[in-house]
$ cat work_37.pdb   # PDB, C-alpha atoms
ATOM      1  CA  MET A  75      11.713  11.492  10.152
ATOM      2  CA  ARG A  76      12.937  12.543   6.713
ATOM      3  CA  VAL A  77      12.428   9.811   4.129
ATOM      4  CA  GLN A  78      12.273   9.415   0.394
ATOM      5  CA  ALA A  79      10.455   7.028  -1.903
ATOM      6  CA  ARG A  80      12.401   5.218  -4.594
ATOM      7  CA  ALA A  81      10.343   3.682  -7.381
ATOM      8  CA  LEU A  82      11.133   0.012  -7.837
ATOM      9  CA  ASP A  83      11.896  -1.396 -11.260
ATOM     10  CA  GLU A  84      11.792  -4.973 -12.577
ATOM     11  CA  GLU A  85      15.201  -5.832 -11.100
ATOM     12  CA  ASP A  86      13.860  -4.908  -7.634
ATOM     13  CA  LEU A  87      10.795  -7.163  -7.791
ATOM     14  CA  PRO A  88      12.516 -10.294  -6.384
ATOM     15  CA  MET A  89      13.521  -8.273  -3.298
ATOM     16  CA  LEU A  90       9.952  -6.956  -2.912
ATOM     17  CA  ARG A  91       8.483 -10.423  -3.511
ATOM     18  CA  ALA A  92      10.714 -11.898  -0.767
ATOM     19  CA  ALA A  93       9.739  -9.178   1.732
ATOM     20  CA  LEU A  94       6.033  -9.654   0.982
ATOM     21  CA  ALA A  95       6.246 -13.455   1.182
ATOM     22  CA  ALA A  96       8.061 -13.244   4.527
ATOM     23  CA  ALA A  97       5.192 -11.094   5.838
ATOM     24  CA  GLY A  98       2.527 -13.441   4.449
ATOM     25  CA  LEU A  99       1.288 -10.884   1.909
ATOM     26  CA  PRO A 100       0.216 -11.692  -1.672
ATOM     27  CA  THR A 101       2.838 -11.556  -4.405
ATOM     28  CA  ASP A 102       0.985 -13.015  -7.381
ATOM     29  CA  ASP A 103       0.299  -9.813  -9.283
ATOM     30  CA  ILE A 104       3.064  -7.397  -8.357
ATOM     31  CA  ASP A 105       4.542  -7.532 -11.851
ATOM     32  CA  GLN A 106       1.268  -6.651 -13.581
ATOM     33  CA  PRO A 107       0.762  -3.285 -15.337
ATOM     34  CA  GLY A 108      -0.711  -0.387 -13.382
ATOM     35  CA  ARG A 109       1.155  -1.072 -10.155
ATOM     36  CA  GLU A 110       3.830   1.228  -8.771
ATOM     37  CA  PHE A 111       5.927  -0.083  -5.919
ATOM     38  CA  TYR A 112       8.380   1.875  -3.809
ATOM     39  CA  ALA A 113      11.139   1.315  -1.326
ATOM     40  CA  VAL A 114      10.954   3.933   1.403
ATOM     41  CA  LEU A 115      14.430   4.987   2.497
ATOM     42  CA  ASP A 116      15.522   6.776   5.642
ATOM     43  CA  HIS A 117      17.955   9.715   5.674
ATOM     44  CA  ARG A 118      20.897   7.285   5.472
ATOM     45  CA  GLY A 119      19.498   5.545   2.385
ATOM     46  CA  ARG A 120      18.496   2.429   4.317
ATOM     47  CA  THR A 121      15.235   0.723   3.343
ATOM     48  CA  ILE A 122      12.636   1.001   6.102
ATOM     49  CA  GLY A 123       9.926  -0.733   4.103
ATOM     50  CA  TYR A 124       7.929  -1.081   0.926
ATOM     51  CA  GLY A 125       4.538  -0.202  -0.415
ATOM     52  CA  GLY A 126       2.677   0.398  -3.609
ATOM     53  CA  LEU A 127      -0.150   2.070  -5.429
ATOM     54  CA  GLU A 128      -2.496   0.547  -7.962
ATOM     55  CA  ARG A 129      -4.150   3.483  -9.677
ATOM     56  CA  HIS A 130      -7.646   3.500 -11.143
ATOM     57  CA  GLY A 131      -8.533   7.041 -12.206
ATOM     58  CA  ALA A 132      -8.679   9.379  -9.220
ATOM     59  CA  ALA A 133      -8.684   6.416  -6.827
ATOM     60  CA  ALA A 134      -5.939   3.983  -5.948
ATOM     61  CA  LEU A 135      -5.515   0.810  -4.005
ATOM     62  CA  LEU A 136      -2.808   0.999  -1.359
ATOM     63  CA  ARG A 137      -0.765  -2.167  -1.807
ATOM     64  CA  SER A 138       1.756  -4.337  -0.063
ATOM     65  CA  ILE A 139       2.774  -2.228   2.922
ATOM     66  CA  VAL A 140       5.569  -4.184   4.539
ATOM     67  CA  VAL A 141       8.142  -3.288   7.168
ATOM     68  CA  PRO A 142      11.196  -5.532   7.551
ATOM     69  CA  PRO A 143      11.346  -7.220  10.984
ATOM     70  CA  ARG A 144      14.385  -5.145  12.058
ATOM     71  CA  GLU A 145      12.390  -1.925  11.492
ATOM     72  CA  ARG A 146       9.121  -2.915  13.191
ATOM     73  CA  GLY A 147       7.779  -1.226  16.284
ATOM     74  CA  ARG A 148       9.242   2.197  15.507
ATOM     75  CA  GLY A 149       6.409   3.812  13.553
ATOM     76  CA  GLN A 150       7.849   2.934  10.162
ATOM     77  CA  GLY A 151       4.517   1.640   8.846
ATOM     78  CA  SER A 152       2.936   5.062   9.364
ATOM     79  CA  VAL A 153       5.884   6.729   7.655
ATOM     80  CA  ILE A 154       5.569   4.394   4.660
ATOM     81  CA  VAL A 155       1.833   5.008   4.287
ATOM     82  CA  GLU A 156       2.295   8.786   4.657
ATOM     83  CA  THR A 157       4.985   8.695   1.964
ATOM     84  CA  LEU A 158       2.710   6.751  -0.388
ATOM     85  CA  GLU A 159      -0.121   9.189   0.292
ATOM     86  CA  GLY A 160       2.217  11.979  -0.804
ATOM     87  CA  GLU A 161       3.110  10.108  -3.998
ATOM     88  CA  ALA A 162      -0.585   9.515  -4.676
ATOM     89  CA  ALA A 163      -1.492  13.176  -4.119
ATOM     90  CA  LYS A 164       1.225  14.240  -6.590
ATOM     91  CA  ARG A 165      -0.527  12.075  -9.190
ATOM     92  CA  GLY A 166      -3.949  13.618  -8.567
ATOM     93  CA  ILE A 167      -5.335  10.676  -6.632
ATOM     94  CA  THR A 168      -8.055  11.805  -4.246
ATOM     95  CA  ALA A 169      -8.992   8.566  -2.468
ATOM     96  CA  LEU A 170      -6.961   5.600  -1.299
ATOM     97  CA  TYR A 171      -8.449   2.201  -0.543
ATOM     98  CA  VAL A 172      -6.909  -0.667   1.382
ATOM     99  CA  LEU A 173      -7.928  -4.238   2.122
ATOM    100  CA  THR A 174      -6.680  -5.732   5.354
ATOM    101  CA  THR A 175      -7.256  -8.871   7.351
ATOM    102  CA  ASP A 176      -5.333  -7.863  10.462
ATOM    103  CA  ALA A 177      -4.248  -4.214  10.322
ATOM    104  CA  THR A 178      -7.593  -2.445  10.735
ATOM    105  CA  PRO A 179      -6.553  -0.717  14.012
ATOM    106  CA  PHE A 180      -3.311   0.511  12.415
ATOM    107  CA  PHE A 181      -5.070   2.016   9.391
ATOM    108  CA  ALA A 182      -7.823   3.507  11.584
ATOM    109  CA  ARG A 183      -5.175   5.309  13.683
ATOM    110  CA  ILE A 184      -3.788   6.988  10.570
ATOM    111  CA  GLY A 185      -7.100   8.190   9.207
ATOM    112  CA  TYR A 186      -8.566   5.307   7.207
ATOM    113  CA  ALA A 187     -12.232   4.504   7.759
ATOM    114  CA  SER A 188     -13.905   1.132   7.297
ATOM    115  CA  ILE A 189     -16.454   1.152   4.494
ATOM    116  CA  ASP A 190     -18.895  -1.284   2.985
ATOM    117  CA  ARG A 191     -17.510  -3.310   0.064
ATOM    118  CA  ALA A 192     -20.496  -2.236  -2.053
ATOM    119  CA  SER A 193     -19.430   1.430  -1.854
ATOM    120  CA  VAL A 194     -16.040   0.831  -3.500
ATOM    121  CA  PRO A 195     -15.675   2.205  -7.059
ATOM    122  CA  ALA A 196     -16.141  -0.491  -9.711
ATOM    123  CA  ALA A 197     -12.553  -0.229 -10.965
ATOM    124  CA  ILE A 198     -11.163  -0.845  -7.470
ATOM    125  CA  ALA A 199     -13.650  -3.671  -6.836
ATOM    126  CA  ALA A 200     -12.483  -5.362 -10.061
ATOM    127  CA  THR A 201      -8.822  -5.553  -8.957
ATOM    128  CA  SER A 202      -7.213  -8.889  -8.215
ATOM    129  CA  GLN A 203      -6.866  -7.789  -4.579
ATOM    130  CA  PHE A 204     -10.661  -7.612  -4.295
ATOM    131  CA  THR A 205     -11.565 -10.516  -6.528
ATOM    132  CA  THR A 206      -9.034 -13.214  -5.659
ATOM    133  CA  LEU A 207      -5.991 -12.281  -3.555
ATOM    134  CA  CYS A 208      -7.702 -11.053  -0.381
ATOM    135  CA  PRO A 209     -10.485 -12.974   1.317
ATOM    136  CA  ALA A 210     -14.039 -11.650   1.139
ATOM    137  CA  THR A 211     -13.822 -11.169   4.910
ATOM    138  CA  ALA A 212     -11.039  -8.570   4.581
ATOM    139  CA  THR A 213     -11.890  -5.123   5.896
ATOM    140  CA  VAL A 214     -12.153  -2.419   3.243
ATOM    141  CA  MET A 215     -10.936   1.023   4.304
ATOM    142  CA  ARG A 216     -10.736   4.411   2.575
ATOM    143  CA  LYS A 217      -8.987   7.702   3.116
ATOM    144  CA  ARG A 218      -9.599  10.839   1.124
ATOM    145  CA  ILE A 219      -6.393  12.714   0.280
ATOM    146  CA  GLY A 220      -5.351  15.767  -1.679
ATOM    147  CA  PRO A 221      -7.123  19.098  -1.956
TER     148      PRO A 221
END

$ encode --input "work_37.pdb" --output "structure tokens"
Amino acid sequence: MRVQARALDEEDLPMLRAALAAAGLPTDDIDQPGREFYAVLDHRGRTIGYGGLERHGAAALLRSIVVPPRERGRGQGSVIVETLEGEAAKRGITALYVLTTDATPFFARIGYASIDRASVPAAIAATSQFTTLCPATATVMRKRIGP
């Protein structure tokens, strides 16, 4: 499937916030600096989902992957993550981290490995996702990308 990522700007944040809230995902910090959110569009320009990157040096936190209900069950989540991995690689990011409470099997299927929380770089561990927004019981996963 041919897709493209469109960077979201401030005017798009209410749309992203609504999609995240509908999926039960955190919205508290999406307007903070250092976060890049994208709409992933199919070949017709229709939004198949959203996701973001929170960069910390050569590492980034994969954020807010959400697929609208009408798009679910067709592999769109994998397409969104693959698109974000491409955006991250273009920026020189070499490792992506994700916190999840219920999508561990999904991320494992697409190459993410569960890791111990103590092995996460300090900058990633200091993010609001790690410190307050996600429960301490969330699974931490990592995927190395790029060259």

$ closest_residue --input "work_37.pdb" --among "A:Glu110, A:Arg129, A:Gly119, A:Leu82" --to "Ala197 (chain A)" --atoms "all atoms listed in the file"
A:Arg129

$ residues_around --input "work_37.pdb" --residues "region 111-113 of chain A" --least-positions-apart "2" --cutoff "6 Å" --atoms "only C-alpha atoms" --output "number ranges by chain"
A: 79-82, 123-126

$ atom_distance --input "work_37.pdb" --atom1 "CA of Glu128 (chain A)" --atom2 "CA of Arg109 (chain A)"
4.6 Å

$ atom_distance --input "work_37.pdb" --atom1 "CA of Arg148 (chain A)" --atom2 "CA of Ile122 (chain A)"
10.1 Å

$ resolve_selection --input "work_37.pdb" --expression "the PyMOL selection byres ((chain A and resi 184) around 10)" --output "VMD selection string"
chain A and resid 152 155 to 156 179 to 183 185 to 187 217

$ closest_residue --input "work_37.pdb" --among "A:Leu115, A:Met215, A:Ile189, A:Met89" --to "Leu136 (chain A)" --atoms "all atoms listed in the file"
A:Met215

$ closest_residue --input "work_37.pdb" --among "A:Ala93, A:Leu173, A:Leu127, A:Ile198" --to "Glu161 (chain A)" --atoms "all atoms listed in the file"
A:Leu127

$ closest_residue --input "work_37.pdb" --among "A:Val114, A:Val214, A:Val140, A:Ala200" --to "Gly98 (chain A)" --atoms "all atoms listed in the file"
A:Val140

$ closest_residue --input "work_37.pdb" --among "A:Gln78, A:Leu170, A:Asp176, A:His117" --to "Pro209 (chain A)" --atoms "only C-alpha atoms"
A:Asp176

$ atom_distance --input "work_37.pdb" --atom1 "CA of Thr211 (chain A)" --atom2 "CA of Arg191 (chain A)"
9.9 Å

$ residues_near_point --input "work_37.pdb" --point "(-7.2, 13.0, -2.8)" --cutoff "10 Å" --atoms "all atoms listed in the file" --output "JSON, numbers by chain"
{"A": [132, 133, 134, 159, 160, 162, 163, 164, 165, 166, 167, 168, 169, 170, 217, 218, 219, 220, 221]}

$ decode --input "work_37.pdb" --residues "region 176-206 of chain A" --atoms "N, CA and C atoms" --output "short mmCIF file (atom, residue, chain, number, x, y, z; two decimals), in the first residue's frame"
data_model
loop_
_atom_site.label_atom_id
_atom_site.label_comp_id
_atom_site.auth_asym_id
_atom_site.auth_seq_id
_atom_site.Cartn_x
_atom_site.Cartn_y
_atom_site.Cartn_z
N ASP A 176 -1.63 -2.96 25.97
CA ASP A 176 -2.41 -4.03 25.36
C ASP A 176 -2.02 -4.40 23.94
N ALA A 177 -0.98 -3.80 23.40
CA ALA A 177 -0.60 -4.08 22.01
C ALA A 177 0.75 -4.78 21.88
N THR A 178 1.19 -5.45 22.93
CA THR A 178 2.48 -6.14 22.88
C THR A 178 2.54 -7.14 21.72
N PRO A 179 1.53 -7.99 21.50
CA PRO A 179 1.61 -8.94 20.38
C PRO A 179 1.73 -8.23 19.01
N PHE A 180 1.00 -7.13 18.85
CA PHE A 180 1.08 -6.37 17.60
C PHE A 180 2.51 -5.88 17.36
N PHE A 181 3.09 -5.21 18.36
CA PHE A 181 4.43 -4.66 18.18
C PHE A 181 5.47 -5.77 18.03
N ALA A 182 5.29 -6.90 18.71
CA ALA A 182 6.22 -8.02 18.56
C ALA A 182 6.19 -8.55 17.13
N ARG A 183 5.02 -8.62 16.52
CA ARG A 183 4.90 -9.11 15.13
C ARG A 183 5.64 -8.22 14.15
N ILE A 184 5.79 -6.94 14.47
CA ILE A 184 6.45 -6.04 13.52
C ILE A 184 7.87 -5.67 13.95
N GLY A 185 8.45 -6.52 14.79
CA GLY A 185 9.87 -6.41 15.07
C GLY A 185 10.29 -5.71 16.35
N TYR A 186 9.36 -5.36 17.21
CA TYR A 186 9.70 -4.73 18.49
C TYR A 186 9.90 -5.82 19.53
N ALA A 187 10.90 -5.64 20.38
CA ALA A 187 11.21 -6.61 21.41
C ALA A 187 10.97 -5.99 22.79
N SER A 188 10.40 -6.77 23.68
CA SER A 188 10.20 -6.31 25.06
C SER A 188 11.56 -6.18 25.73
N ILE A 189 11.72 -5.10 26.49
CA ILE A 189 12.96 -4.87 27.21
C ILE A 189 12.64 -4.46 28.63
N ASP A 190 13.63 -4.54 29.48
CA ASP A 190 13.49 -4.12 30.86
C ASP A 190 13.45 -2.60 30.93
N ARG A 191 12.61 -2.04 31.77
CA ARG A 191 12.50 -0.59 31.91
C ARG A 191 13.84 0.04 32.28
N ALA A 192 14.66 -0.67 33.03
CA ALA A 192 15.95 -0.12 33.47
C ALA A 192 16.94 0.05 32.32
N SER A 193 16.70 -0.59 31.19
CA SER A 193 17.64 -0.49 30.06
C SER A 193 17.29 0.64 29.09
N VAL A 194 16.25 1.39 29.38
CA VAL A 194 15.83 2.49 28.52
C VAL A 194 16.74 3.70 28.76
N PRO A 195 17.16 4.40 27.69
CA PRO A 195 18.00 5.59 27.88
C PRO A 195 17.31 6.59 28.83
N ALA A 196 18.12 7.30 29.59
CA ALA A 196 17.60 8.23 30.60
C ALA A 196 16.64 9.25 30.02
N ALA A 197 16.94 9.78 28.84
CA ALA A 197 16.07 10.79 28.24
C ALA A 197 14.69 10.22 27.91
N ILE A 198 14.63 9.00 27.47
CA ILE A 198 13.34 8.35 27.17
C ILE A 198 12.61 8.07 28.49
N ALA A 199 13.35 7.56 29.48
CA ALA A 199 12.74 7.24 30.77
C ALA A 199 12.20 8.48 31.48
N ALA A 200 12.69 9.66 31.13
CA ALA A 200 12.24 10.90 31.77
C ALA A 200 11.01 11.50 31.09
N THR A 201 10.54 10.91 30.00
CA THR A 201 9.38 11.47 29.29
C THR A 201 8.11 11.32 30.12
N SER A 202 7.13 12.13 29.81
CA SER A 202 5.86 12.05 30.52
C SER A 202 5.18 10.70 30.28
N GLN A 203 5.42 10.08 29.13
CA GLN A 203 4.86 8.75 28.87
C GLN A 203 5.34 7.76 29.93
N PHE A 204 6.65 7.81 30.24
CA PHE A 204 7.21 6.89 31.22
C PHE A 204 6.89 7.30 32.65
N THR A 205 6.89 8.58 32.92
CA THR A 205 6.77 9.01 34.31
C THR A 205 5.35 9.15 34.81
N THR A 206 4.40 9.52 33.94
CA THR A 206 3.05 9.75 34.45
C THR A 206 1.92 9.22 33.56
#
